[in-house]
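All remarks here apply to the structure that follows.
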Amino acid sequence: MTVSVLMIVEGTSPEISRCVNVEETMTLGELSQIIDAALGFTGAATHLYVGQEGTQRSVYAEVPGAGEQLEDELTVAEMRPMTYVYDPAANWNIHVEVLGPSNIEGPTPMLVDASGPDVVEACSGPALMTTFRDQARLLAAGIEPDLETITLMFSYLPVMPPERMLDRMTQADPVSVSTRIGNVAEEMFFDEVAAADEQADGPGLAQHFDDFLQSRPDLLQIIDMDPHPERNPAMINAVTEFFGGFFGEVLGDGAELDLLGEMAPGPSDIFAELMRIFTPGVPFARAELPAGTAKEVREVVALPFADTVAELLLDARLLKKRDGVLTPTKAGQTFLTSDNPIPKVADNLRCGFEALTGEKVWRAIVGFFVGGQPADPEIEHWTAWLEAFGILRASGAGQVVCTAEGTQLLELHHA
């Protein structure tokens with residue numbers, strides 16, 4: 001059964017709260033990871049749960065001491081309202097309670113509501129964080145703040161414009177919160193599979209995968225010859241096939257798993273493949289690609305609009321056209337030579353996507369996914385394009401989240 005769990009950070013202004021749907025069988029130890037991800041904690045500090053029933057006080061900890069209990073002995077279904085204490089030496093106290101069973105069917109954990117900003121863990125509690133927000137508001141209003149407090153604030157937070165600082169201290173981006181929760185869920189799943197693999201007889205997952213590679217000479221050749229085998233479409237498809245088959249056997253038929261969520265190609269992978277296609281030089285007479293090249297482009301982006309993709313690359317100045325032939329520019333070659341090309345070509349990609357969608361729509365897309373702005377109906381028309389270029393990925397039926405590189409790109413555009 002799915003239940004809704006409410007988390008409220010005590011003493012915050014504005015209120016910081018999250019509501020997340022989880023399985024009732026989740027233990028308090030697993031729930032702690034969801035709480036940390038939902039609120040923005042790193043999880044590096046220790047934590048414990050404190051419950052109170054009348055005069056009886058109970059403590060659940062990851063490593064229980066005298067008079068304490070193991071947090072994995074209690075499930076969410078059995079949990080009464082409790083206080084989750086993150087970093088007992090600080091003052092991060094979170095009220096946690098189960099609101100009741102949920103009638104929503106779908107994958108869990110699922111973010112229902114995110115109110116207030118992510119925590120600033122280094123503040124060691126909400127009091128200093130509230131002070132920082134008050135000073136950020138003065139800055140944004142053009143009023144001279146307290147210099148000592150502002151200096152301390154910029155030692156805790158990245159330097160950014162006053163309006164962005166105030167926004168950071170006021171509200172969280174639901175997409176980012178959902179992505180963090182999804183990442184934690186995937187890690188917990190893989191931990192469970194690894195634990196089951198260790199307890200089982202026979203070779204482990206690593207050995208299974210090595211055997212799979214050894215049985216595929218074509219993959220071994222890619223590893224030997226391709227400087228970035230992890231971006232090779234044939235390798236990605238083969239890895240998808242392996243993990244889908246392996247975990248299908250482990251979990252049984254009918255198991256649903258977003259297995260390659262974080263392994264899905266990002267913008268760097270997609271644009272690198274496109275630059276490889278155009279590196280030899282491709283004719284583009286009458287704004288049409290040759291049939292063979294168009295087929296290659298469609299296979300990379302999984303969209304039927306190969307000629308439009310070429311126009312986007314031209315508008316982004318990743319390709320140049322000389323004597324009717326398209327070849328990569330220096331900016332385009334960055335995808336083939338740099339380990340982290342996104343910051344170097346972010347402005348190029350902004351120009352390309354603004355030309356594709358229109359400047360207003362692209363600003364709405366950026367504002368929604370990383371700026372906390374309301375959704376614009378036009379965004380839905382371009383979701384397939386964002387997925388095609390690795391900026392978004394599907395996270396469930398009718399749901400999408402930003403990839404890590406997609407978030408990086410959109411945040412650069414937002415800035």
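By order in the structure tokens, chains are A, B, ...; within a chain, residues start at 1; ligands start at 1, following the order shown.
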
Notebook entry, point to check: Excluding same-chain residues fewer than 6 positions from Asp226 (chain A), what lies within 12 Å of it counting only C-alpha atoms, as a list in words?
Noted result: Asp218, Leu219, Leu220, Asn232, Pro233, Ala234, Met235, Glu273, Arg276 and Leu336 of chain A

Next item on the list: Do a neighbour search on Ser155 (chain A) at 12 Å with only C-alpha atoms, toss out local chain neighbours closer than 6 positions, and write the hits as a PyMOL selection string.
Entry: chain A and resi 120+122-123+132+148-149

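Distances from A:Val119, A:Glu71, A:Arg133, A:Met79 to Pro145 (chain A) were compared using only C-alpha atoms, and the smallest one belongs to A:Arg133.
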
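Taking CA of Arg80 (chain A) and CA of Glu97 (chain A) as endpoints, the distance between them is 6.5 Å.
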
Margin query: For a quick check of understanding, using only C-alpha atoms, which of A:Glu311, A:Glu380, A:Glu187, A:Asp146 has the smallest distance to Asp134 (chain A)?
Written below: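 Ranking A:Glu311, A:Glu380, A:Glu187, A:Asp146 by distance to Asp134 (chain A), first place goes to A:Asp146.
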
Item checked: Val96 (chain A) environment, 10 Å, only C-alpha atoms, sequence neighbours closer than 2 positions dropped, as an NGL selection string -> :A and (5-9 or 17-19 or 35 or 49 or 51 or 79-84 or 93-94 or 98-99)

Next item on the list: Between A:Gly292, A:Gly372, A:Pro377, A:Gly332, single out the one closest to Ala114 (chain A), counting only C-alpha atoms.
Entry: A:Gly372

Would you give me, as a PDB file with C-alpha atoms, in the first residue's frame, the residues in region 27-189 of chain A that DSSP reads as alpha helix (DSSP H)?
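So the final result, stored in part_23.pdb, reads:
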ATOM      1  CA  LEU A  28      12.756   4.166   8.872  1.00  0.00           C
ATOM      2  CA  GLY A  29      16.311   3.676   7.633  1.00  0.00           C
ATOM      3  CA  GLU A  30      15.144   3.858   4.025  1.00  0.00           C
ATOM      4  CA  LEU A  31      12.813   6.739   4.835  1.00  0.00           C
ATOM      5  CA  SER A  32      15.746   8.742   6.208  1.00  0.00           C
ATOM      6  CA  GLN A  33      17.333   8.703   2.744  1.00  0.00           C
ATOM      7  CA  ILE A  34      14.097  10.001   1.212  1.00  0.00           C
ATOM      8  CA  ILE A  35      13.860  12.763   3.845  1.00  0.00           C
ATOM      9  CA  ASP A  36      17.457  13.847   3.187  1.00  0.00           C
ATOM     10  CA  ALA A  37      16.931  13.886  -0.583  1.00  0.00           C
ATOM     11  CA  ALA A  38      13.595  15.706  -0.359  1.00  0.00           C
ATOM     12  CA  LEU A  39      14.931  18.492   1.853  1.00  0.00           C
ATOM     13  CA  PRO A 126      16.753  27.169  10.484  1.00  0.00           C
ATOM     14  CA  ALA A 127      17.528  30.258  12.580  1.00  0.00           C
ATOM     15  CA  LEU A 128      20.631  31.309  10.643  1.00  0.00           C
ATOM     16  CA  MET A 129      18.980  30.360   7.356  1.00  0.00           C
ATOM     17  CA  THR A 130      16.064  32.699   8.162  1.00  0.00           C
ATOM     18  CA  THR A 131      18.533  35.479   8.988  1.00  0.00           C
ATOM     19  CA  PHE A 132      20.237  34.960   5.645  1.00  0.00           C
ATOM     20  CA  ARG A 133      16.909  35.226   3.846  1.00  0.00           C
ATOM     21  CA  ASP A 134      16.095  38.498   5.607  1.00  0.00           C
ATOM     22  CA  GLN A 135      19.431  39.957   4.511  1.00  0.00           C
ATOM     23  CA  ALA A 136      18.989  38.657   0.940  1.00  0.00           C
ATOM     24  CA  ARG A 137      15.634  40.444   0.836  1.00  0.00           C
ATOM     25  CA  LEU A 138      17.298  43.708   1.869  1.00  0.00           C
ATOM     26  CA  LEU A 139      19.876  43.252  -0.872  1.00  0.00           C
ATOM     27  CA  ALA A 140      17.181  42.553  -3.473  1.00  0.00           C
ATOM     28  CA  LEU A 147      27.851  43.566   6.250  1.00  0.00           C
ATOM     29  CA  GLU A 148      28.980  40.940   8.738  1.00  0.00           C
ATOM     30  CA  THR A 149      25.935  38.740   8.087  1.00  0.00           C
ATOM     31  CA  ILE A 150      26.206  39.145   4.323  1.00  0.00           C
ATOM     32  CA  THR A 151      29.881  38.196   4.409  1.00  0.00           C
ATOM     33  CA  LEU A 152      28.993  35.073   6.382  1.00  0.00           C
ATOM     34  CA  MET A 153      26.138  34.269   3.980  1.00  0.00           C
ATOM     35  CA  PHE A 154      28.411  34.331   0.942  1.00  0.00           C
ATOM     36  CA  SER A 155      30.801  31.992   2.733  1.00  0.00           C
ATOM     37  CA  TYR A 156      27.930  29.488   3.041  1.00  0.00           C
ATOM     38  CA  PRO A 162      20.402  39.195  -4.896  1.00  0.00           C
ATOM     39  CA  GLU A 163      17.161  38.157  -6.632  1.00  0.00           C
ATOM     40  CA  ARG A 164      18.501  34.656  -7.232  1.00  0.00           C
ATOM     41  CA  MET A 165      19.757  34.466  -3.643  1.00  0.00           C
ATOM     42  CA  LEU A 166      16.321  35.433  -2.320  1.00  0.00           C
ATOM     43  CA  ASP A 167      14.710  32.884  -4.632  1.00  0.00           C
ATOM     44  CA  ARG A 168      17.110  30.201  -3.377  1.00  0.00           C
ATOM     45  CA  PRO A 174      10.068  20.578  -7.590  1.00  0.00           C
ATOM     46  CA  VAL A 175      11.808  18.971 -10.568  1.00  0.00           C
ATOM     47  CA  SER A 176      15.169  19.011  -8.764  1.00  0.00           C
ATOM     48  CA  VAL A 177      13.571  17.617  -5.595  1.00  0.00           C
ATOM     49  CA  SER A 178      11.878  14.828  -7.582  1.00  0.00           C
ATOM     50  CA  THR A 179      15.153  14.031  -9.348  1.00  0.00           C
ATOM     51  CA  ARG A 180      17.028  13.698  -6.056  1.00  0.00           C
ATOM     52  CA  ILE A 181      14.335  11.420  -4.653  1.00  0.00           C
ATOM     53  CA  GLY A 182      14.423   9.329  -7.831  1.00  0.00           C
ATOM     54  CA  ASN A 183      18.205   8.994  -7.648  1.00  0.00           C
ATOM     55  CA  VAL A 184      18.011   7.800  -4.040  1.00  0.00           C
ATOM     56  CA  ALA A 185      15.309   5.282  -4.963  1.00  0.00           C
ATOM     57  CA  GLU A 186      17.522   3.870  -7.716  1.00  0.00           C
ATOM     58  CA  GLU A 187      20.489   3.616  -5.343  1.00  0.00           C
ATOM     59  CA  MET A 188      18.364   1.781  -2.776  1.00  0.00           C
ATOM     60  CA  PHE A 189      17.175  -0.617  -5.457  1.00  0.00           C
TER      61      PHE A 189
END

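Nearest residue to Ser338 (chain A), choosing from A:Ala238, A:Val63, A:Ala272, A:Leu213 and counting only C-alpha atoms: A:Ala272.
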
Next item on the list: Go through A:Val325, A:Ala316, A:Val59, A:Val20 and flag the residue nearest Leu349 (chain A), using only C-alpha atoms for the distances.
Entry: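 Smallest distance to Leu349 (chain A) is found for A:Ala316.
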
Next item on the list: Using only C-alpha atoms, pick whichever of A:Gln221, A:Thr12, A:Thr357, A:Ser124 has the shortest atom-to-atom distance to Tyr86 (chain A).
Entry: A:Ser124

Checklist line | In region 306-405 of chain A, DSSP strand (DSSP E) residues written as a count of residues only | finding: 17

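You will find CA of Asn91 (chain A) at 15.0 Å from CA of Gly43 (chain A).
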
Next item on the list: Using CA of Pro283 (chain A) and CA of Ile270 (chain A) as the two end points, give the distance in Å to one decimal.
Entry: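 Between CA of Pro283 (chain A) and CA of Ile270 (chain A) the gap works out to 20.8 Å.
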